Each structure stands twice: as structure tokens, then as C-alpha cells.
Amino acid sequence: MRELTKLRRYLKPYTVAALLTMLLMVIMVGLQLALPRMIQRIVDLGITPGNMTIVWQTTLIMLGIALLNLAVAVGNTILSVKVSEGFARDLRANLFNKIQNLSFGNLDRLHTGQLIVRMTSDVSAVQQAVRMVLTVSVRAIMLLAGSQILMFTTNSQLAVKMLPFMLLILVLILIFAGKLQKLFTAVQQKLDALNNVLQENLSGVRVVKAFVRAAFENARFAKANEDFTFQNIRALRLMAVLMPLMMILMNLGSVAIIWFGGMEVIQGSMTLGEIMAFLNYMMTAMFPMLMLAMIIGMLASSQASAKRISEVMSSTPDVQDQPDARQIKETSGRLVFEDVCFSYNGTGCAEPVLNHVNLVAEPGQTVAILGATGSGKTSLVNLIPRFYDVSTGRITLDGIDLRDIQRDSLLAQVGIAPQETVLFSGTVRDNICYGRMSASDEEVIEAAKAAQAHDFIMSLPEGYDTHVEQRGANFSGGQKQRIAIARALLLKPRILILDDSTSAVDVDTEALIQEALEKSMKDTTSFIIAQRISTVLTADKIVVLDNGKIAAEGTHAELIKSSPIYQEIYQSQLGNGLVKATEAAGD
Amino acid sequence: MSEQKQTSSRTAMAPRRGPGGHGGPIETAKDARTSLRRLAAYLKPHTVMLVVVFVLVILYTTLALAGPYLMGVAIDQYLSLKDASGLLRIVLLMAAAYLLSAGGQAAAGYLMADISQKTLQDLRRDLFEHLQTLSLSFFDQNAHGDLMSRLTNDIDAINRAISQNVTQLMSSVITVVGILVTMFVLNPWLALASLITIPLMALVTSSIAKRTRSGFRSLQKDLGGMNGLIEESVSGQRIISAFRRTEDTKQDFDAINQKVYESSVQANTFAFLLMPLTGIMNHLNIAIIAGLGGVLAVEGIVTVGVVATFITYSQRFTEPMRSLANMYNSIQSALAGAERVFEIIDQQPEIIDDPNAMELKDIQGDVIFDHVNFGYLKDVPVLKDINLHAKPGQTFALVGPTGAGKTTMVNLLTRFYEIDGGKVTIDGHDISKVKKADLRRQLGIVLQDTFLFSTSVMENIRYGRLDATDEEVIDAAKLANADHFVRHLPQGYDTTLSERASNLSQGQRQLLAIARAVLADPAILVLDEATSSVDTRTEVRIQKGLLRLMEGRTSFVIAHRLSTIRDADQVLVIDQGKLIERGTHHELLDQKGFYYNLYMSQFRGQVQPV
């Protein structure tokens, strides 16, 4: 319960409605419990003495109770839905705000896929729990308590005799509920395993066929199938025993009432109507016990959801503005890395991803960064817009430590096309304008032309108004990359970062993009990460990263002479045959 | 790979009709009777047990109904007449009836658990095993998600129907009929009175269900929109913050969040109203029975015991009525699910071997394509008159634009598809006349999109040859240049790969696939080189692994790397399904034809004097 109560502040705006819901529920239960009393009245005061007026009168009261109950039930349902849906809405909004404000480091730790689950399934699990507490659990507890009290007031001796029965039922329900939950969890696990075999078999169908492994796959599936079936049979068997067991206890309870109560009737210490009321209360008390078992199980599982939500809520963004952070309006774009160490796990210079990096980028320079996967290229450029903060050392822009600059004003100077291209659903124009909604059509076209995206966009049936599907699914990798580059260029940023953002673009187009960049981004300091050596040949400065360290720095002409790593990369990409090819081509 | 994505009417199945789910429209099977008959066939091995279950159901339902009747008798004959010994007799009788009933119910449920789950196990097995026999084009033409849904959701719908509804249906029918008969025998007027609320309830239920359905339909739409936005803006959060669009995004979300709130309040208010309403209907019923029963009792027409019996029955009457209504939906969707499942089982399996197909063992690897023609669709040729001869140990590089037919050539060699004209021979044997399994055992295939299973690294490599020892697996990994990185994984060769091996890089996955092919030790190799951006050093490692693998084997490489093309014994240039140029790299460059142009455009940017 602890995890759930942590979220109770989101219920606060609905305190009145929630209390009213519970109150209405109490009234509903009261009305329901009045019914057996009425029957008792009909039997003892109406039928037995033959008093027709009492029968009529009581019947009318009962009908009135049913109608009143109807009104109360409608009110209760409307209120409870409002409260639980409102709670869910507020929780989602808060969670969404929180997630949007998190830093890259937080997102790495929380995993994007899991965040989506938290915003959807976990919120609805917690919402269910709230609704349950508000309605069903109030109802169950009131029914249980009320029917017990009424049993005692009807005939206390008989009620005492029935007490062990009720306790036995309650204990059994709790024991079985726990067992069942465990069994069903196991069933779910086996089902996941079974589905995994299926999923892999479908995805890997070519491999399965190429290696002639149908028999092996059949055996693999048969095993998972058998495990699942076995586990499922176990759970279902327990279910098969549980329900009749509950029924028999309830029915034996009513038999016991007839016997004990019957003896009292025979002795004259109890009336017929009382027995009937008593039987009714006994029945009434049974269902809340079953409900309670269900609620306990549900609360237990929503605990986990609540915990996952709280985890997000309680995380603070890694990168935050200092209280006295400066706002910058103009910048020359001179960036200096001063002895920068960086690690994702906070170990600083001990296990660094970037190891004592020193680097100067002059205004308007193009800095190309080369290196193997995992050498720290992306980490390096991610420090510039402060997606992460440096662990030790510092980065300055025009001499000001980035951490002393208001992040929003820093971001206004940076345009980035990241490694993994993300497009949003909307039109192509929306996507290019993403960073500056106020851009004119001419500016959009200009940016698209520089990114070599204009031609293919114009060849689309609806041009710039073509709809982009979620994740840009209707565009090829190269097209998406070019839209992303246009998006960054539209900002006319002082600092431009292209993180391997032409990997899916062919060499010809890439060369054209670079030409355009050289023209239009003269005053922009550019950082370009690339795999292909052809991309970096013309850079003002090439930085070769190796295991987080700068292994070499200089122009192509310098590095081809001085840096063995650079030479190795160059050779592996171009190969020896090229010289001959070049000659053959007469180039 | 684009060649395979063309649609063919040969194997595509009817698409799934929308998900069922809460409040959704009820699906119906097109031919419910056939589906039912075929499902029944799966239950046949359990006939004897099923008969036992049915007998038990009849027994326990009837006995359960006897309880309230006996209670009425107890009140009228023994309590009113103050007969203590008679009361004891009838109380014991009631207890016995309830005990027997519960025992019967437990036994029936117990047996049914076995019957239903074994039936489902059989059905799943048949489905899966049949799936293994289907041709690749079947998998090309049917969406992955759709197949998965048939294998999980549809099977689950059948499961629910068999494990719950079979006995529930019987006991509900018996209960309803039993209660009705008893009520009418006891007192027809009172019986009629207690049925008054039924049409009222039906009316209320159906009108609420209608509103709920339309409410949920619009909720589903809004939820879809919201979840789309959540997915997009959570996974795109980095870009949103980098482009300073956080506040706008929050506003978008608030708007759709509010919409979801409104539509879900509407849908859920009606949905949650149903429960209390049925309860109140029940109260109304009791009031009517008590009132009318009271009048009749005062008049001396019925006894108090009868009224008590009626009240108890009326409480037990609504439940089976409601579950009958639910069962109708559940059985309908089970039959619709069964229909889709059987649709898969009815698919024609891949062309099976000729009965007198020959075995193919210990080959040299002499491969000939002789005037080969092929199309995925009857009238759309993909390969036209392909001729080639690869001698044992030679390496052939296949080069050409996307969609030219390179992958198709590989698909024909492996007999994933059957050729339309000409023939393909290996060591002089027509491959269409040898056993398919034998043919594929001689071929080692490394595909561009490397597929790994979520088992250990060891098991993934062993997939190439199941009887390989651990040492052989490790040797293969060494040869493929994979050993080094595998040893650096947390649990070495025992490291379990996560789904689709996301804990490995693209390059590492390829090295494992190469190791798998090494272990299979095929005479003929088929490689589809990766184009994705693998860093240079890993690329060199892959290259070395591949070179070792290709040694002494006839190899076909769909080539993207310059070095592969350069080292090939022969480069085959394919364009629009035709083999237009062939020769070594240098010969082709000298020709200054198609290859020359292709080469110049692909590698132009790299041509710089050293």
C-alpha cells in the first residue's frame, strides 16, 4: 500500500467527490441490507398474523428502496468515474511533464520503452486500483460489517455460532487467492516463453529454413507448449476446486442456519422471518469476501505500477540551470574543451568515455570527428548542447562555462541532426520547421535545398504538405536524414552538429550537401561525425578519437602523413585497388 | 530484399478483421458450423472423459437446485409444524445434496482442465508444425503481426471458450430450465411475477451496452491518438528538448489527454453502471416476489416456505442468464478465431520433395545456372535467362542496383522458391530433383539482416550444426573472428542474447552469423554483405572472418564492399533481372560499361590521390 499512498496527492483535487462517492456507496449498502429486514417484516408481521396491510405497505417500501437505490447508484457511478478518470488524467499530465523535462542521462537510465509503458499500462493499473478502493472495497467492507451486525441484531446466539464459519471462509479465500496468484504468474511466464519461441520462429524463418531446422523448432515449441499446458492445468485445477469449495461452505452455512435456527423456531425463541433474514445476510456476507480477495490481489499488482510511476516522478533532471545562469543572445561560436573527462555512470576520469579531451573550435570552422564505434564521438558532441554535463574539466563558449549559461539560450544557438533520425507525425514542412515554427516558406525551401531534400520532397504527390507517418515510416533512411539536416539548418545556428547524419545518403548527394553547407554556413562552427572518409576530407580540422582520447588532430594532408590510425582507416575504406581504378577512370 | 515483398494471391490470407476486445463489435465466423466441427474433432480423443464431465455437470447442477426447494419444504413441513426429528432429516438431506453437488462440480472442473488444455496443446502443436512446412512466400505475404495474433489471441479465444464455456453453458441452461420448471410447478402466478423484470433487464442491458460500445469506440480512437503522441514524444524527447519544443509538446498532450478524459468518462460511466443496475433489478425482483408472495400467503394460496424458495431462486436466476449472454459473444469470437487458425492449417505446404528425389551428399560445389527464368508472380519475370557456371572453390560477386534480382538468385539456389524455366544444377544434379533438406545442408547462408535467437551465444552458433561439441563451436567462433568479443561478454559463451540480440552491435551479430555458417561447414556459401554503417575496424574483422570462411568453398556474395568485388573470381552484374556483364573487376572496368558507371558513382567521393 505504501507505494500507492505516495500517489495520493494526485487525488487531492477530488477529495470532496471521492468522499461523496464513498458516502453514496455506504447508502447503497444500507439500502441493500434493509431488504432482508423487509422480508422478515412481511413474513412475521404480515403473513404469519395474516395482516394484508403490512404486506402491501412493506412491499411499497421495498419498491421505494429499490428506486432510491437506483438514483444513488447512478450518482455513485458518475462520481467514481469522474474521480478515477480525473486522477488518471492528472497523473498522466504530471508524468508527461516530468518526462519531457528529464535529461539524456535520466532517459538512458529509465529506458524510453519502459517510460511509454509507465505512461500507459501503469497509469491505468493505478487508476483501476483507485476506482476499486473508492467503490468495490468500500462496498465489500460495508456489506461484510453490515451483514455481520445485522446477523447479531437478528439473533446474537445464532450469529456467534456462525462466526467460525465465516472466519474459515475468509481464511480459505485468502490462502487460495495467494496460491492462485502465484500459479497464474507462473502461467504467464510460461506463456511468454511460448510466445517468444513463436515470435522468433516467425522472425527467423529464413534462418530456420536455410539450416533445415524445422524438426528442431518443432521440438523447441513442443517443450514450451508442454510446459505451458502443464502449468495451466495446475492453475485451472486449483480454480476447479476453489469455487465449489466456496459454494459448499456457503451452502453448508445456510443449512446450519436452518438447523440451529430451526431448533429455535421449534422452541419458539425465533421467528420464521428471522431465519429468512438471517439466511439472506449470510448470503450477503459471502460475496464481499470474494471481492476482498480480488481487491487484495489487484492492489498488490498495482503496487508495482505505482512504484514504477513514483520512480519517474522522483527523478530530478541531471542537467539543470544554475540559479545565477546567464542568458546569451549573441555568440561567435568559439568552443573550447578544456581537459574534459566524461562518463555516463558518474565515475569521471576513472572509467571515462572521454579521457582528458582538449579541443578548440574557432568560429566558422568545420571540425570532423572520426573513430571506431564506441570511441566517444557522439558523447563528445552531446556535451555541446548540454545533453550531458562534463564530469571534470569544462567546455566554454566565448570563454563562458556552458554550465553558467541558461540552457534554453544555449540551445537556441545549436542546431543538431542526431545519429538516430527522429521525425514526428505531421507534414514534411512541420518537420523542417520544427525548431522555428515562424519560418517562412522561402526559408523552409532554402534549408531543404541545402540539405538536398528539396528535389525529392517536390517529387512527392503533396510536396511539402506530404504527411509524415509516425517515426517517419513512409520515408527511406536517407530521406529522413536529409529532412533532419534541413530541420537543423533552418535554425541558422551558430553551432551545427551533424552526428553521422548522412550515413544512409549516397556519396554524390553527400558531397552536394557539404558544398551547400560550406556556402551557407560560413559563420557557423560545425561538428561533423562521419564513418566515410570522403565526408571529412575537406574539414578545417579532423579529430581522430580512439577509446575516448584524441589520437590525432589536423587536416587531411597532415594526418595522412603523421597519423597511423588515420592511415589505417583511410586504407581500409579505399583499398589499394583504387589507385588503379582512378587511373583507369582517367581521373 | 525488395524483390520478395511483391504480393501474390497464391498465399496471402484474408486480413484479420479488427481486434475484438472490450466493448468492441462482436465478430462472427463466416462458416461457424465448419469451424465448430473441426474444433470438435480436436475434442474427440477425450470423448469418454467429456461424457463423464457432462454427467457430472447435470448431477451437480440439479443437486444445487434441490437445496432451495428442500429449504422451502423444511420451513413449511417441519418448522411450521415444529417437527425436530423431521428437521434433522431434511437438514442432513440438504447438506448431502450440497456436498455432492460441490464434489461433482470440483471433479468436472478438474477433468475439464485436463481436457481443455490438452486439446489446446494439440491445436497449437498442429498449427506450429504446419507453419514449419509453409513456403517462404507465405511468410512474405502475411504480415508478421497478423500471424502472431492468430497464434496467440485467436488461440486464447478458443481456450477461453473450451475451458470455461463448455461446462458453463450446460450448467447455465440446466439451472435456468430447472429453476423455471420448479417455480412454475410451485406456483405459476408467482413464477410469472418473478419473470416480469427479465424483459426490463434485457432492455436496460442492451441500451447500456449500445451506449458503452459507441463510447468505447470513440475512446479507442482517442486513446490511439494519445498513445501515438506518448510514444512519439517520449522516444523523441531528446529532439524535442534539443529543438526547444517541450512546452508546445506539453500543450499538445494536455489537449489530447483532456479528450481521452472526456470520452473515457462517457464510456466508463455507462459500463460501470451495468453492475449496480443488475443488482437493483434483482432487488426489485425480490420486492415483487415478497409482495405478491406475501399476499398469496396471507390468502393461504402459497406457503411461507414457497416464498422463501422463490426468493432464493430469484437470486440464483440472474447470474446464469447473464453468463448465457456473455457466452454467446465468447463462443462467437472463439469460432471466428478458430476459423482464422484453420485458415493457416489449410495453407498448402511448400512443394514437398518428389517421392523419388535423390540424396545429395559430399559435393564438390560445381554450380550451374542454365537458362534460368523466374518470377514471384506468374506474369512478372524477375530473372531472365540467367546462365552461369561456378567451379568448386570459386567466388562470384553479384553486383547491381537494388531490386535487380541479386537476392532472388540466392533464393533460387536455396530453393526457397522454385524456378519457372531452365535448371540449376550442383555437381551435375538438377536441384529440383534432390531432397530439399540435403540441398540446404550443403549451403551455408549468411544474411544481411542477421537473425539470432534469444538463447546463449553457444546455442546460437550451434544452430549451424546441432551435434557440434562446445570445442567445435568455439573453434568456429575463432575462425570467424568472433571469439575475442564473445569472451568479453559478461558470461562469455553462456551470455543470453536479448530479443533480436539488441545487446550486441550489428557487426558482432554478423560475426556470430558467420561463425554459425562456419560450423555448418557447407560446400557452397551464400553471403549477403551488410551495407549498414559498421565501423571500419569491425568491418576489417568481418572481412577477415569471411575470407577464411570462403576458402575452398564455392561462394556467391551479394557484394557491397570494394575489396570483395576486387577479390572475386568473377563479378556478375545484374540489372533488371538480366546478367548484363561478367568478368573480373579490372576486365569490367576496362569495358567502361554499366559496371564502370556503377563503380564510379558509388566510390567517386573516395577517389583522392594518396
# chains A, B, ... in the order shown; residues from 1 in each chain; ligands from 1
$ residues_around --residues "Gln406 in chain A" --least-positions-apart "2" --cutoff "9 Å" --atoms "only C-alpha atoms" --output "PyMOL selection string"
chain A and resi 320-322+324-328+402-404+408-411
$ select_by_dssp --residues "range 232-454 of chain A" --states "helix (DSSP H, G or I)" --output "VMD selection string"
chain A and resid 232 to 267 272 to 313 377 to 382 402 to 404 407 to 411 428 to 435 441 to 450 454
$ closest_residue --among "A:Ala504, A:Val312, A:Val171, A:Val136" --to "Phe287 in chain A" --atoms "only C-alpha atoms"
A:Val136
$ residues_around --residues "range 228-237 of chain B" --least-positions-apart "3" --cutoff "7 Å" --atoms "only C-alpha atoms" --output "count of residues only"
9
$ residues_around --residues "range 313-329 of chain B" --least-positions-apart "2" --cutoff "8 Å" --atoms "only C-alpha atoms" --output "list in words"
Ile26, Pro68, Ala161, Asn165, Leu169, Ser172, Val173, Thr175, Val176, Ile179, Ser194, Asn282, Asn285, Ile286, Thr309, Phe310, Ile311, Ile331, Gln332 and Ser333 of chain B
$ write_last_selection --atoms "C-alpha atoms" --output "mmCIF file, in the first residue's frame"
data_model
loop_
_atom_site.group_PDB
_atom_site.id
_atom_site.type_symbol
_atom_site.label_atom_id
_atom_site.label_comp_id
_atom_site.auth_asym_id
_atom_site.auth_seq_id
_atom_site.Cartn_x
_atom_site.Cartn_y
_atom_site.Cartn_z
ATOM 1 C CA ILE B 26 -18.738 -8.905 -31.888
ATOM 2 C CA PRO B 68 -33.594 -24.080 -2.010
ATOM 3 C CA ALA B 161 -14.427 -20.968 -24.854
ATOM 4 C CA ASN B 165 -17.940 -22.207 -21.703
ATOM 5 C CA LEU B 169 -23.172 -23.467 -20.975
ATOM 6 C CA SER B 172 -26.463 -22.408 -17.042
ATOM 7 C CA VAL B 173 -29.053 -23.960 -19.289
ATOM 8 C CA THR B 175 -30.093 -24.026 -13.974
ATOM 9 C CA VAL B 176 -32.378 -21.708 -15.906
ATOM 10 C CA ILE B 179 -35.499 -23.046 -11.815
ATOM 11 C CA SER B 194 -40.661 -13.137 -10.912
ATOM 12 C CA ASN B 282 -32.607 -8.173 -8.519
ATOM 13 C CA ASN B 285 -37.492 -8.784 -8.263
ATOM 14 C CA ILE B 286 -37.270 -9.746 -4.615
ATOM 15 C CA THR B 309 -37.733 -20.805 -2.081
ATOM 16 C CA PHE B 310 -38.761 -18.243 -4.695
ATOM 17 C CA ILE B 311 -36.603 -15.549 -3.172
ATOM 18 C CA ILE B 331 -18.284 -18.511 -28.367
ATOM 19 C CA GLN B 332 -18.739 -16.325 -31.422
ATOM 20 C CA SER B 333 -15.266 -14.881 -31.134
#
$ closest_residue --among "B:Lys578, B:Lys82, B:Arg217, B:Lys406" --to "Ile558 in chain B" --atoms "only C-alpha atoms"
B:Lys406
$ residues_around --residues "Phe337 in chain A" --least-positions-apart "6" --cutoff "9 Å" --atoms "only C-alpha atoms" --output "number ranges by chain"
A: 357-361, 393-396
$ residues_around --residues "His283 in chain B" --least-positions-apart "4" --cutoff "9 Å" --atoms "only C-alpha atoms" --output "PyMOL selection string"
(chain A and resi 32+35+62-63+65-66) or (chain B and resi 278-279+287-288+315)
$ residues_around --residues "Lys423 in chain B" --least-positions-apart "5" --cutoff "12 Å" --atoms "only C-alpha atoms" --output "list in words"
Val367, Ile368, Phe369, Asp370, His371, Val372, Asn373, Phe374, Asp385, Ile386, Asn387, Leu388, Leu412, Leu413, Arg415, Glu418, Gly428, His429, Asp430, Ile431, Ser432 and Lys433 of chain B
